[in-house]
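Undergrad: I'd like to ask some things about the structure below.
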Amino acid sequence: MSSEPPPAASAPAAGESAADLAAAAALSKKQQKKDARKAEKAEKAAQRQQQQQQQAAADTEDPFASHYGDVPVEEIQSKVISGRVWSKVGDLDASAAGNSVLTRGFAQATRPVSKKMAFVVLRQGMSTVQCVLVASADAGVSMQMVKFATMLSKESIVDVEGVVSLPKEPLKSTTQQVPHLFLLLCNSLIPSSFPVMSPAMGIDRLLALVEIQVRKMYCINRAIPMLPINLEDAARSEAEFEKAEQAGEKLIRVGQDTRLNYRSIDLRTPANQAIFRIQCQVENKFREFLLSKDFVGIHSPKLIGGSSEGGAAVFKLMYNGQPACLAQSPQLYKQMAICGGYERVFEVGPVFRAENSNTHRHLCEFVGLDAEMELKEHYFEVCDIIDGLFVSIFKHLTENCKEELETINRQYPFEPLKYLDKTLKLTYEEGIQMLKEAGTEIEPMGDLNTEAEKKLGRLVREKYGTDFFILYRYPLAVRPFYTMPCYDNPAYSNSFDVFIRDSVDEVVASSWAAAAYLCLACEEIISGAQRVHTPELLAKRATECGIDVNTISSYIESFSYGAPPHGGFGVGLERVVMLFCALNNIRKTSLFPRDPNRLFP
């Protein structure tokens, strides 16, 4: 056995200090922490993978997995024609109860109730319907399908197959209600002693909404999770804001520019859906009425060599090396068509005005409704056409567009337009006299400014009970160069303007009382006249108005080949709708408005 002592602890190697050893130990601890984090991440990744596998297994086990899901793009690239019958949401009513339907729309809202039940509000145009998903083997709906529905982003495009039913409890958030006639019939068949049906309990208990009991649901296109504007915010009325403010709540207000920046979303609001359906009806009735009066529809060029109205409000451009401009109206071509033997013509088309007017009623591009016709004796023949045309339009909208008008009224309240079966006609001088008697002085032989128009409208409504009237025999100096002077006084003209009740200026109308007062005002909506049909007088008038005769030589020359006496009028489609519905901004009635500051979208 050795008697040598055990070896002592080895001393630090040459050049290796205690500090070096401490640093090495610290580095080792950092490495350990780093390795621990890596292990933790790996463990989480493994857990996620396991969950995904479990979910995939669950999906595989879902016997109804084919009843829902996101449809691949290749399946909707016009791949097949299935022959399936599609239902409109707006057509669903009590008579459809028990029927199977297939429909498509926007997922306006989703509401999970439990793992086994959820609601989806489907919107199609102006109509909405509640879709109910209840997990059930009999219905072919799984809990996974319910979860899929609740995960749909707002405004995604969804196909729904299901069975129409009448729910036990009414909901006010959708449009498809049981008709009142059906409910009254139920009341007549069931004793009044029955509590639910008792009139004393209120018929509102019976306003059950039509629902769809979902059997299949497929997402055709998902909207982004966070939309730039909320449709619910964009659809609120001023009354809702006032009510919230009184309750101390703050609601999000979507401004006009924001709406227009995201117009494709803004157009989905019920009011906007209704506005442009009203606009379509106005255009259709314009065509229909004039066609019934033997007018012929025409289309005139919008690229022209000179100004069609005179003045500087014209968009200029180069056309293959030649100076040109966008047409301010189809005026010259309407008249040339009359010279071409068409006794009566009309046109619906774009009109361009380079006016730097940032007001609630001006646009740089709008849809013009124009008409021109031969005159047999008097330019009142044109006034009579306008009278019949617009009275028929107003009656059609009032009688056949009630749903649309009610929808607009909910967000933008307005009073029904007052008009006479035979439109009132006043001379310019009579209008001026009414203003003078009310204390408003007008420049002699001058045009009416906006305030004078508004005040005259209020005076006419008070005296004659109408929001729609014609003012004729204007001073020649305030009319276009092609206007025919009066036979008895060349200082006046055979011209007229038509006025309709004014919209509410959103800046001026600070309260509902002020808004109601302003709705009594009027503004000019139509301008028309007998035209000059002799080339000598036409050239003279053009020169007097500062128009280079050379730029309209072909127009003037057309009257030297023989031209009948004629007259006509023009009106902006957007302005007709704006004023009929008393909207406060013409941009609300222009699908994608163009004003001095807006060229997109």
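Convention: chains lettered A, B, ... in structure tokens order; per-chain residue numbering from 1; ligands numbered from 1 as shown.
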Which residues are near segment 233-235 of chain A? Cut-off 6 Å, only C-alpha atoms, ignore same chain within fewer than 2 positions. Put them as a list of chain:residue names.

TA: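 Returned residues: A:Asn230, A:Leu231, A:Val254, A:Thr269.
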
Undergrad: Dump as CSV the rows for residues of segment 273-335 of chain A within 12 Å of segment 108-125 of chain A: closest atom pair and distance in Å with one decimal, only C-alpha atoms counted, ordered by chain and rising residue number.

TA:
residue,atom,partner,partner_atom,distance
A:Gln273,CA,A:Gly125,CA,6.6
A:Ala274,CA,A:Gly125,CA,9.0
A:Ile275,CA,A:Gly125,CA,12.0
A:Phe276,CA,A:Gly125,CA,11.3
A:Arg277,CA,A:Gly125,CA,10.3

Undergrad: Rank A:Phe469, A:Phe286, A:Tyr474, A:Phe569 by their smallest atom-to-atom distance to Asn489 of chain A, using only C-alpha atoms, and report the top residue only.

TA: A:Tyr474

Undergrad: Please report, as a ChimeraX atom specification, each residue of segment 179-413 of chain A to which DSSP assigns helix (DSSP H, G or I) when run on this structure's backbone.

TA: /A:180-189,199-201,203-206,231-234,238-246,256-261,263-266,270-292,331-339,380-400,402-411
